[in-house]
file input-v3.cif (mmCIF, C-alpha atoms)
data_structure
#
loop_
_atom_site.label_atom_id
_atom_site.label_comp_id
_atom_site.auth_asym_id
_atom_site.auth_seq_id
_atom_site.Cartn_x
_atom_site.Cartn_y
_atom_site.Cartn_z
CA MET A 8 58.09 86.74 165.08
CA SER A 9 58.42 83.56 162.99
CA LYS A 10 61.58 82.89 161.05
CA ILE A 11 61.57 81.03 157.75
CA GLN A 12 64.20 78.32 157.80
CA PRO A 13 67.39 79.14 155.84
CA PHE A 14 67.01 75.85 153.92
CA ASP A 15 63.59 76.95 152.62
CA LEU A 16 64.86 80.42 151.71
CA ILE A 17 67.92 79.21 149.85
CA SER A 18 65.90 76.53 148.02
CA GLY A 19 63.71 79.17 146.40
CA SER A 20 60.65 76.93 146.81
CA ASP A 21 57.19 77.87 148.06
CA VAL A 22 56.91 77.92 151.85
CA LEU A 23 53.97 76.97 154.07
CA PHE A 24 54.04 79.77 156.62
CA ASN A 25 52.44 79.32 160.07
CA ASP A 26 49.42 77.58 158.50
CA ILE A 27 48.35 81.03 157.28
CA CYS A 28 49.31 80.75 153.64
CA VAL A 29 51.83 79.38 151.17
CA LEU A 30 54.45 82.02 150.43
CA HIS A 31 55.82 82.25 146.91
CA GLN A 32 59.40 83.32 146.28
CA PRO A 33 59.26 85.17 142.95
CA SER A 34 62.24 84.81 140.65
CA LEU A 35 64.12 87.71 139.09
CA ASP A 36 62.46 86.72 135.82
CA GLU A 37 59.00 87.14 137.39
CA ILE A 38 60.04 90.57 138.67
CA ARG A 39 61.36 91.44 135.22
CA ASN A 40 58.02 90.44 133.66
CA LEU A 41 56.08 92.36 136.30
CA GLY A 42 58.31 95.42 135.98
CA TYR A 43 60.94 96.50 138.48
CA GLU A 44 59.13 99.75 139.30
CA GLN A 45 55.91 97.87 140.05
CA TYR A 46 57.86 95.46 142.26
CA LYS A 47 59.14 98.46 144.23
CA VAL A 48 55.57 99.75 144.57
CA TYR A 49 54.55 96.41 146.07
CA VAL A 50 57.51 96.37 148.45
CA ASN A 51 56.91 99.95 149.56
CA THR A 52 53.22 99.22 150.10
CA LEU A 53 53.93 96.20 152.26
CA PHE A 54 56.70 97.72 154.34
CA VAL A 55 55.75 101.35 154.80
CA ASP A 56 56.20 102.28 158.45
CA LEU A 57 53.04 103.44 160.26
CA ASP A 58 54.75 106.44 161.88
CA THR A 59 56.26 107.49 158.55
CA TYR A 60 52.85 107.25 156.92
CA LEU A 61 51.21 109.28 159.67
CA GLU A 62 53.86 111.98 159.39
CA LYS A 63 52.95 112.49 155.73
CA SER A 64 49.18 112.37 156.18
CA ASP A 65 46.51 114.30 158.08
CA ILE A 66 45.06 111.24 159.83
CA ARG A 67 46.35 112.38 163.23
CA ASP A 68 44.09 115.42 163.03
CA LYS A 69 41.00 113.38 162.17
CA ILE A 70 40.89 110.75 164.93
CA ASP A 71 41.36 110.84 168.68
CA GLU A 72 44.44 109.52 170.48
CA GLU A 73 42.74 106.38 171.79
CA LEU A 74 41.81 105.20 168.30
CA LEU A 75 45.17 106.30 166.93
CA ALA A 76 46.97 104.06 169.42
CA LYS A 77 45.12 101.03 168.04
CA LEU A 78 45.60 101.93 164.37
CA THR A 79 47.67 99.69 162.10
CA MET A 80 48.78 99.97 158.48
CA PHE A 81 46.39 97.13 157.66
CA ASP A 82 43.52 99.29 158.96
CA ILE A 83 44.64 102.18 156.78
CA TRP A 84 45.01 100.15 153.58
CA PHE A 85 41.75 98.28 154.10
CA SER A 86 39.75 101.40 154.90
CA GLU A 87 39.45 102.63 151.32
CA ASP A 88 39.05 101.04 147.90
CA ARG A 89 42.34 102.08 146.30
CA GLY A 90 44.51 101.07 149.25
CA ARG A 91 42.66 97.80 149.71
CA ALA A 92 43.14 96.88 146.04
CA LEU A 93 46.83 97.85 146.08
CA LEU A 94 47.55 95.80 149.20
CA LYS A 95 45.73 92.85 147.65
CA GLU A 96 47.94 93.11 144.54
CA ALA A 97 51.11 93.36 146.61
CA LEU A 98 50.22 90.39 148.81
CA SER A 99 49.14 88.30 145.81
CA PHE A 100 52.60 88.63 144.25
CA PHE A 101 54.15 86.82 147.22
CA ILE A 102 51.34 84.44 148.18
CA PHE A 103 50.30 81.30 146.33
CA GLY A 104 46.56 81.28 145.73
CA LYS A 105 43.75 83.73 145.04
CA LEU A 106 42.94 86.55 147.48
CA GLU A 107 39.40 87.85 147.85
CA GLU A 108 38.25 90.77 150.01
CA ASP A 109 35.69 90.22 152.75
CA LEU A 110 34.53 93.75 153.55
CA THR A 111 32.22 92.63 156.33
CA HIS A 112 35.04 91.16 158.40
CA SER A 113 37.93 93.31 157.07
CA VAL A 114 39.89 90.30 155.88
CA TYR A 115 41.48 88.86 152.76
CA LEU A 116 40.35 85.27 152.20
CA ILE A 117 42.84 82.92 150.48
CA TYR A 118 41.61 80.25 148.05
CA ASP A 119 43.53 77.51 146.26
CA ALA A 120 43.20 76.55 142.58
CA LEU A 121 40.08 74.50 143.38
CA ASP A 122 38.46 77.46 145.17
CA ASN A 123 38.91 75.85 148.57
CA LEU A 124 39.35 78.32 151.41
CA THR A 125 42.86 77.75 152.78
CA GLY A 126 43.51 80.76 155.01
CA PHE A 127 43.00 84.44 155.66
CA ILE A 128 44.91 87.65 156.36
CA ASP A 129 43.62 90.31 158.73
CA LYS A 130 45.08 92.80 161.19
CA THR A 131 45.87 90.02 163.70
CA ASN A 132 48.35 88.20 161.47
CA TYR A 133 49.33 90.87 158.92
CA GLU A 134 52.56 91.75 160.72
CA ASP A 135 53.61 88.10 160.64
CA ILE A 136 53.04 88.05 156.88
CA GLN A 137 55.00 91.29 156.51
CA ASN A 138 57.94 89.85 158.38
CA ALA A 139 57.88 86.66 156.32
CA ILE A 140 57.87 88.56 153.02
CA GLU A 141 60.71 90.73 154.34
CA GLN A 142 62.75 87.57 154.75
CA LEU A 143 61.97 86.47 151.18
CA ASN A 144 63.23 89.80 149.92
CA PHE A 145 66.34 89.94 152.16
CA ILE A 146 64.99 93.07 153.85
CA ASN A 147 66.13 93.82 157.38
CA SER A 148 63.12 93.11 159.57
CA GLN A 149 61.79 95.92 161.68
CA GLU A 150 61.15 95.05 165.31
CA ILE A 151 57.45 94.34 165.71
CA LYS A 152 55.70 96.15 168.52
CA PRO A 153 54.52 93.73 171.21
CA LYS A 154 50.74 93.28 171.21
CA LYS A 155 50.71 93.63 174.99
CA PHE A 156 53.05 95.16 177.58
CA ARG A 157 53.47 93.81 181.09
CA ASN A 158 52.98 97.28 182.53
CA GLU A 159 53.16 100.98 181.72
CA ALA A 160 56.87 101.13 182.55
CA ALA A 161 57.60 98.41 179.98
CA ARG A 162 55.65 100.33 177.35
CA LYS A 163 57.60 103.55 178.01
CA ILE A 164 60.95 101.72 177.86
CA TYR A 165 59.98 100.16 174.53
CA GLU A 166 58.88 103.52 173.08
CA THR A 167 62.10 105.22 174.24
CA ILE A 168 64.23 102.53 172.57
CA GLN A 169 62.21 102.71 169.35
CA LYS A 170 62.51 106.50 169.28
CA GLY A 171 66.28 106.17 169.52
CA LYS A 172 66.34 103.66 166.70
CA LYS A 173 64.32 105.98 164.46
CA GLU A 174 66.66 108.89 165.17
CA ASP A 175 69.64 106.68 164.33
CA ALA A 176 67.96 105.53 161.12
CA LYS A 177 67.43 109.12 159.98
CA THR A 178 71.17 109.79 160.14
CA LYS A 179 72.04 106.72 158.06
CA LYS A 180 71.78 106.75 154.28
CA ALA A 181 70.97 103.65 152.30
CA ASP A 182 73.79 102.40 150.12
CA PRO A 183 72.80 103.43 146.56
CA SER A 184 74.75 100.46 145.19
CA MET A 185 72.52 97.91 146.92
CA THR A 186 69.78 98.01 144.31
CA LEU A 187 68.45 94.91 142.60
CA PRO A 188 69.63 95.91 139.09
CA ASN A 189 73.15 96.71 140.31
CA LEU A 190 73.42 93.46 142.28
CA ILE A 191 72.28 91.50 139.22
CA ALA A 192 74.97 93.17 137.13
CA SER A 193 77.66 92.77 139.81
CA VAL A 194 77.02 89.07 140.45
CA SER A 195 76.75 88.36 136.72
CA SER A 196 80.14 89.94 136.03
CA SER A 197 82.01 88.15 138.84
CA HIS A 198 80.30 84.81 139.48
CA ASN A 199 81.77 81.58 138.12
CA SER A 200 78.48 80.36 136.68
CA TYR A 201 75.74 82.99 136.87
CA ASN A 202 75.61 85.50 134.02
CA LEU A 203 73.08 87.84 132.42
CA ILE A 204 71.56 84.88 130.58
CA ASN A 205 70.82 82.49 133.45
CA ILE A 206 70.75 84.69 136.57
CA TRP A 207 67.03 85.39 136.15
CA SER A 208 66.11 82.00 137.59
CA LEU A 209 67.33 83.09 141.03
CA THR A 210 64.97 84.44 143.68
CA VAL A 211 65.69 87.76 145.37
CA TYR A 212 66.96 85.98 148.48
CA GLN A 213 69.23 83.72 146.43
CA LEU A 214 70.66 86.73 144.58
CA TYR A 215 71.51 88.56 147.81
CA ASP A 216 72.94 85.39 149.32
CA GLN A 217 75.21 84.85 146.31
CA PHE A 218 76.27 88.50 146.36
CA PHE A 219 77.30 88.45 150.03
CA ARG A 220 79.08 85.12 149.65
CA LEU A 221 80.89 86.36 146.56
CA ASN A 222 81.87 89.53 148.41
CA ASN A 223 83.10 87.44 151.34
CA LYS A 224 85.09 85.16 149.02
CA ILE A 225 86.81 88.10 147.32
CA GLN A 226 87.87 89.47 150.70
CA VAL A 227 89.10 86.09 151.94
CA ASP A 228 91.05 85.50 148.72
CA THR A 229 92.68 88.91 149.05
CA MET A 230 93.59 88.34 152.70
CA SER A 231 94.92 84.84 152.03
CA LEU A 232 97.20 86.10 149.26
CA LYS A 233 98.52 88.80 151.57
CA TRP A 234 99.01 86.23 154.34
CA ALA A 235 100.79 83.82 151.98
CA ALA A 236 103.26 86.53 151.02
CA TRP A 237 103.91 88.29 154.32
CA GLY A 238 101.80 86.69 157.04
CA THR A 239 103.30 85.33 160.21
CA ASP A 240 100.17 84.98 162.34
CA SER A 241 97.75 82.09 161.93
CA PHE A 242 95.07 82.46 159.28
CA ASP A 243 91.49 81.22 159.67
CA PHE A 244 90.92 79.18 156.52
CA SER A 245 87.33 78.47 157.55
CA LEU A 246 86.24 82.05 156.88
CA TRP A 247 85.04 81.19 153.38
CA TYR A 248 82.25 78.92 154.63
CA LYS A 249 81.13 80.80 157.76
CA ASP A 250 77.34 80.89 158.06
CA LEU A 251 76.21 84.35 157.00
CA ASN A 252 72.94 83.88 158.91
CA LEU A 253 74.71 83.72 162.26
CA LYS A 254 75.13 87.06 163.97
CA GLU A 255 78.15 87.68 166.10
CA LYS A 256 77.29 88.22 169.77
#

call {"tool": "encode", "arguments": {"input": "input-v3.cif", "output": "structure tokens"}}
result
Amino acid sequence: MSKIQPFDLISGSDVLFNDICVLHQPSLDEIRNLGYEQYKVYVNTLFVDLDTYLEKSDIRDKIDEELLAKLTMFDIWFSEDRGRALLKEALSFFIFGKLEEDLTHSVYLIYDALDNLTGFIDKTNYEDIQNAIEQLNFINSQEIKPKKFRNEAARKIYETIQKGKKEDAKTKKADPSMTLPNLIASVSSSHNSYNLINIWSLTVYQLYDQFFRLNNKIQVDTMSLKWAAWGTDSFDFSLWYKDLNLKEK
């Protein structure tokens, strides 16, 4: 699973990803022009979970277990005209260049402005693209299933862990306040420089980054005031610049 460098994400610039394609980080203004609901359609198309999709469809009853085990969401989208066109639209919003379908080889070919072939997307690299676009949109990446397991025991352990994660996820509810429109309004009302006039130049990643840093700053300011008035223990004044990308072990 390839990680996009934090410098590239925070810069908001286009990113050459694994020599597959150039990823485009759309601004809030581009999403506004596209339409927020259409943006959500693209995101849901790209990140729908295979098991969730299968639970809501009758595909399980139509194919045998051996084929089902090899099935991917890319296979499903590419197998029919409507899904293939929708996935092409969704990918095109986040990829610089022109995508064309190659039905013979079940692949999207990527061309630059001069119609030069620069890359392709198929079932072998689609999950990498998904993960990369997740990072652009500050979406928690789902663990990607290994393409191969060392043995049957390793496969069973992996499936047991994943089953537990899915059960945990079902009991957790998404925070209804963490929507793009609400974050735009929240950052605009509290930030020193971004407001409802100029915030639209930010990318989705930049917006989330500013929100979490602003939230962190408000908490640090509150704690420091409390410490200044009544604190006796030492206070970590470096909290305000701690790297939000580093996870505590």

call {"tool": "resolve_selection", "arguments": {"input": "input-v3.cif", "expression": "the PyMOL selection byres ((chain A and resi 80-91) around 12)", "output": "PyMOL selection string"}}
result
chain A and resi 49+52-61+64+66+74-79+92-98+106-115+128-137

call {"tool": "residues_around", "arguments": {"input": "input-v3.cif", "residues": "A:Val211", "least_positions_apart": "3", "cutoff": "12 Å", "atoms": "all atoms listed in the file", "output": "mmCIF file with C-alpha atoms, in the frame of the given file"}}
result
data_model
loop_
_atom_site.group_PDB
_atom_site.id
_atom_site.type_symbol
_atom_site.label_atom_id
_atom_site.label_comp_id
_atom_site.auth_asym_id
_atom_site.auth_seq_id
_atom_site.Cartn_x
_atom_site.Cartn_y
_atom_site.Cartn_z
ATOM 1 C CA LEU A 16 64.860 80.420 151.710
ATOM 2 C CA ILE A 17 67.920 79.210 149.850
ATOM 3 C CA SER A 18 65.900 76.530 148.020
ATOM 4 C CA GLY A 19 63.710 79.170 146.400
ATOM 5 C CA HIS A 31 55.820 82.250 146.910
ATOM 6 C CA GLN A 32 59.400 83.320 146.280
ATOM 7 C CA PRO A 33 59.260 85.170 142.950
ATOM 8 C CA SER A 34 62.240 84.810 140.650
ATOM 9 C CA LEU A 35 64.120 87.710 139.090
ATOM 10 C CA ASP A 36 62.460 86.720 135.820
ATOM 11 C CA GLU A 37 59.000 87.140 137.390
ATOM 12 C CA ILE A 38 60.040 90.570 138.670
ATOM 13 C CA ARG A 39 61.360 91.440 135.220
ATOM 14 C CA TYR A 46 57.860 95.460 142.260
ATOM 15 C CA PHE A 101 54.150 86.820 147.220
ATOM 16 C CA ILE A 140 57.870 88.560 153.020
ATOM 17 C CA GLU A 141 60.710 90.730 154.340
ATOM 18 C CA GLN A 142 62.750 87.570 154.750
ATOM 19 C CA LEU A 143 61.970 86.470 151.180
ATOM 20 C CA ASN A 144 63.230 89.800 149.920
ATOM 21 C CA PHE A 145 66.340 89.940 152.160
ATOM 22 C CA ILE A 146 64.990 93.070 153.850
ATOM 23 C CA THR A 186 69.780 98.010 144.310
ATOM 24 C CA LEU A 187 68.450 94.910 142.600
ATOM 25 C CA PRO A 188 69.630 95.910 139.090
ATOM 26 C CA LEU A 190 73.420 93.460 142.280
ATOM 27 C CA ILE A 191 72.280 91.500 139.220
ATOM 28 C CA ILE A 206 70.750 84.690 136.570
ATOM 29 C CA TRP A 207 67.030 85.390 136.150
ATOM 30 C CA SER A 208 66.110 82.000 137.590
ATOM 31 C CA LEU A 214 70.660 86.730 144.580
ATOM 32 C CA TYR A 215 71.510 88.560 147.810
ATOM 33 C CA ASP A 216 72.940 85.390 149.320
ATOM 34 C CA GLN A 217 75.210 84.850 146.310
ATOM 35 C CA PHE A 218 76.270 88.500 146.360
#

call {"tool": "atom_distance", "arguments": {"input": "input-v3.cif", "atom1": "atom CA of A:Leu221", "atom2": "atom CA of A:Ser20"}}
result
22.3 Å

call {"tool": "atom_distance", "arguments": {"input": "input-v3.cif", "atom1": "atom CA of A:Thr125", "atom2": "atom CA of A:Asn138"}}
result
20.1 Å

call {"tool": "atom_distance", "arguments": {"input": "input-v3.cif", "atom1": "atom CA of A:Met185", "atom2": "atom CA of A:Tyr212"}}
result
13.3 Å

call {"tool": "decode", "arguments": {"input": "input-v3.cif", "residues": "stretch 182-216 of chain A", "atoms": "N, CA, C and O atoms", "output": "CSV table (one decimal), in the first residue's frame"}}
result
chain,number,residue,atom,x,y,z
A,182,ASP,N,-19.7,10.3,12.8
A,182,ASP,CA,-20.1,11.6,13.4
A,182,ASP,C,-20.8,12.5,12.3
A,182,ASP,O,-20.2,12.8,11.3
A,183,PRO,N,-22.0,12.8,12.5
A,183,PRO,CA,-22.8,13.6,11.5
A,183,PRO,C,-22.2,15.0,11.3
A,183,PRO,O,-22.6,15.7,10.4
A,184,SER,N,-21.4,15.5,12.2
A,184,SER,CA,-20.8,16.8,12.1
A,184,SER,C,-19.6,16.8,11.2
A,184,SER,O,-19.2,17.9,10.7
A,185,MET,N,-19.1,15.7,10.8
A,185,MET,CA,-17.9,15.6,10.0
A,185,MET,C,-18.2,15.6,8.5
A,185,MET,O,-17.6,14.8,7.7
A,186,THR,N,-19.1,16.4,8.1
A,186,THR,CA,-19.4,16.5,6.7
A,186,THR,C,-18.7,17.7,6.1
A,186,THR,O,-18.3,18.6,6.8
A,187,LEU,N,-18.5,17.6,4.8
A,187,LEU,CA,-17.7,18.7,4.1
A,187,LEU,C,-18.3,20.1,4.3
A,187,LEU,O,-17.6,21.0,4.7
A,188,PRO,N,-19.7,20.2,4.1
A,188,PRO,CA,-20.3,21.5,4.3
A,188,PRO,C,-20.1,22.1,5.7
A,188,PRO,O,-19.8,23.3,5.9
A,189,ASN,N,-20.2,21.2,6.7
A,189,ASN,CA,-20.1,21.7,8.1
A,189,ASN,C,-18.7,22.1,8.4
A,189,ASN,O,-18.4,23.0,9.2
A,190,LEU,N,-17.7,21.3,7.9
A,190,LEU,CA,-16.3,21.6,8.1
A,190,LEU,C,-15.9,22.9,7.5
A,190,LEU,O,-15.2,23.7,8.0
A,191,ILE,N,-16.5,23.2,6.3
A,191,ILE,CA,-16.2,24.5,5.6
A,191,ILE,C,-16.7,25.6,6.5
A,191,ILE,O,-16.0,26.6,6.7
A,192,ALA,N,-18.0,25.5,7.0
A,192,ALA,CA,-18.5,26.5,7.8
A,192,ALA,C,-17.8,26.7,9.1
A,192,ALA,O,-17.6,27.8,9.6
A,193,SER,N,-17.4,25.6,9.7
A,193,SER,CA,-16.7,25.7,11.0
A,193,SER,C,-15.3,26.3,10.9
A,193,SER,O,-15.0,27.2,11.7
A,194,VAL,N,-14.5,25.9,9.9
A,194,VAL,CA,-13.2,26.5,9.7
A,194,VAL,C,-13.3,28.0,9.3
A,194,VAL,O,-12.6,28.8,9.8
A,195,SER,N,-14.3,28.3,8.5
A,195,SER,CA,-14.5,29.7,8.0
A,195,SER,C,-14.8,30.6,9.2
A,195,SER,O,-14.4,31.8,9.2
A,196,SER,N,-15.6,30.1,10.2
A,196,SER,CA,-16.0,30.9,11.3
A,196,SER,C,-14.9,31.1,12.4
A,196,SER,O,-15.0,32.0,13.2
A,197,SER,N,-13.9,30.2,12.4
A,197,SER,CA,-12.9,30.2,13.5
A,197,SER,C,-11.5,30.5,13.0
A,197,SER,O,-10.6,30.8,13.9
A,198,HIS,N,-11.2,30.3,11.7
A,198,HIS,CA,-9.8,30.5,11.3
A,198,HIS,C,-9.4,32.0,11.2
A,198,HIS,O,-10.3,32.8,11.0
A,199,ASN,N,-8.1,32.2,11.4
A,199,ASN,CA,-7.6,33.6,11.3
A,199,ASN,C,-7.7,34.2,9.9
A,199,ASN,O,-7.7,35.4,9.8
A,200,SER,N,-7.6,33.3,8.9
A,200,SER,CA,-7.5,33.9,7.5
A,200,SER,C,-8.5,33.3,6.6
A,200,SER,O,-8.9,34.0,5.6
A,201,TYR,N,-8.9,32.1,6.7
A,201,TYR,CA,-9.9,31.5,5.8
A,201,TYR,C,-11.3,31.9,6.2
A,201,TYR,O,-11.7,31.8,7.3
A,202,ASN,N,-12.1,32.2,5.2
A,202,ASN,CA,-13.5,32.6,5.4
A,202,ASN,C,-14.3,32.1,4.2
A,202,ASN,O,-13.7,31.4,3.3
A,203,LEU,N,-15.6,32.4,4.2
A,203,LEU,CA,-16.4,31.8,3.2
A,203,LEU,C,-16.2,32.4,1.8
A,203,LEU,O,-16.7,31.9,0.8
A,204,ILE,N,-15.3,33.4,1.7
A,204,ILE,CA,-14.9,34.0,0.4
A,204,ILE,C,-13.7,33.2,-0.2
A,204,ILE,O,-13.7,32.9,-1.4
A,205,ASN,N,-12.7,32.9,0.6
A,205,ASN,CA,-11.4,32.4,0.1
A,205,ASN,C,-11.2,30.9,0.4
A,205,ASN,O,-10.2,30.4,-0.1
A,206,ILE,N,-12.0,30.3,1.2
A,206,ILE,CA,-11.8,28.9,1.6
A,206,ILE,C,-11.9,27.9,0.4
A,206,ILE,O,-11.3,26.8,0.5
A,207,TRP,N,-12.5,28.3,-0.6
A,207,TRP,CA,-12.8,27.4,-1.7
A,207,TRP,C,-11.6,27.0,-2.5
A,207,TRP,O,-11.6,26.1,-3.3
A,208,SER,N,-10.5,27.7,-2.3
A,208,SER,CA,-9.2,27.4,-3.0
A,208,SER,C,-8.6,26.2,-2.3
A,208,SER,O,-7.7,25.6,-2.9
A,209,LEU,N,-9.0,25.8,-1.1
A,209,LEU,CA,-8.4,24.6,-0.5
A,209,LEU,C,-8.8,23.3,-1.1
A,209,LEU,O,-9.9,23.2,-1.7
A,210,THR,N,-7.9,22.3,-1.0
A,210,THR,CA,-8.3,21.0,-1.4
A,210,THR,C,-9.1,20.3,-0.2
A,210,THR,O,-9.0,20.9,0.9
A,211,VAL,N,-9.6,19.2,-0.4
A,211,VAL,CA,-10.3,18.5,0.7
A,211,VAL,C,-9.3,18.1,1.8
A,211,VAL,O,-9.6,18.3,3.0
A,212,TYR,N,-8.1,17.6,1.4
A,212,TYR,CA,-7.1,17.3,2.4
A,212,TYR,C,-6.7,18.5,3.2
A,212,TYR,O,-6.6,18.4,4.4
A,213,GLN,N,-6.5,19.6,2.5
A,213,GLN,CA,-6.1,20.8,3.2
A,213,GLN,C,-7.2,21.3,4.2
A,213,GLN,O,-6.8,21.8,5.3
A,214,LEU,N,-8.4,21.2,3.8
A,214,LEU,CA,-9.5,21.6,4.7
A,214,LEU,C,-9.5,20.7,5.9
A,214,LEU,O,-9.6,21.3,7.1
A,215,TYR,N,-9.4,19.4,5.8
A,215,TYR,CA,-9.4,18.6,7.0
A,215,TYR,C,-8.2,18.8,7.8
A,215,TYR,O,-8.3,18.8,9.1
A,216,ASP,N,-7.1,19.0,7.2
A,216,ASP,CA,-5.8,19.3,8.0
A,216,ASP,C,-6.0,20.6,8.8
A,216,ASP,O,-5.7,20.6,10.0
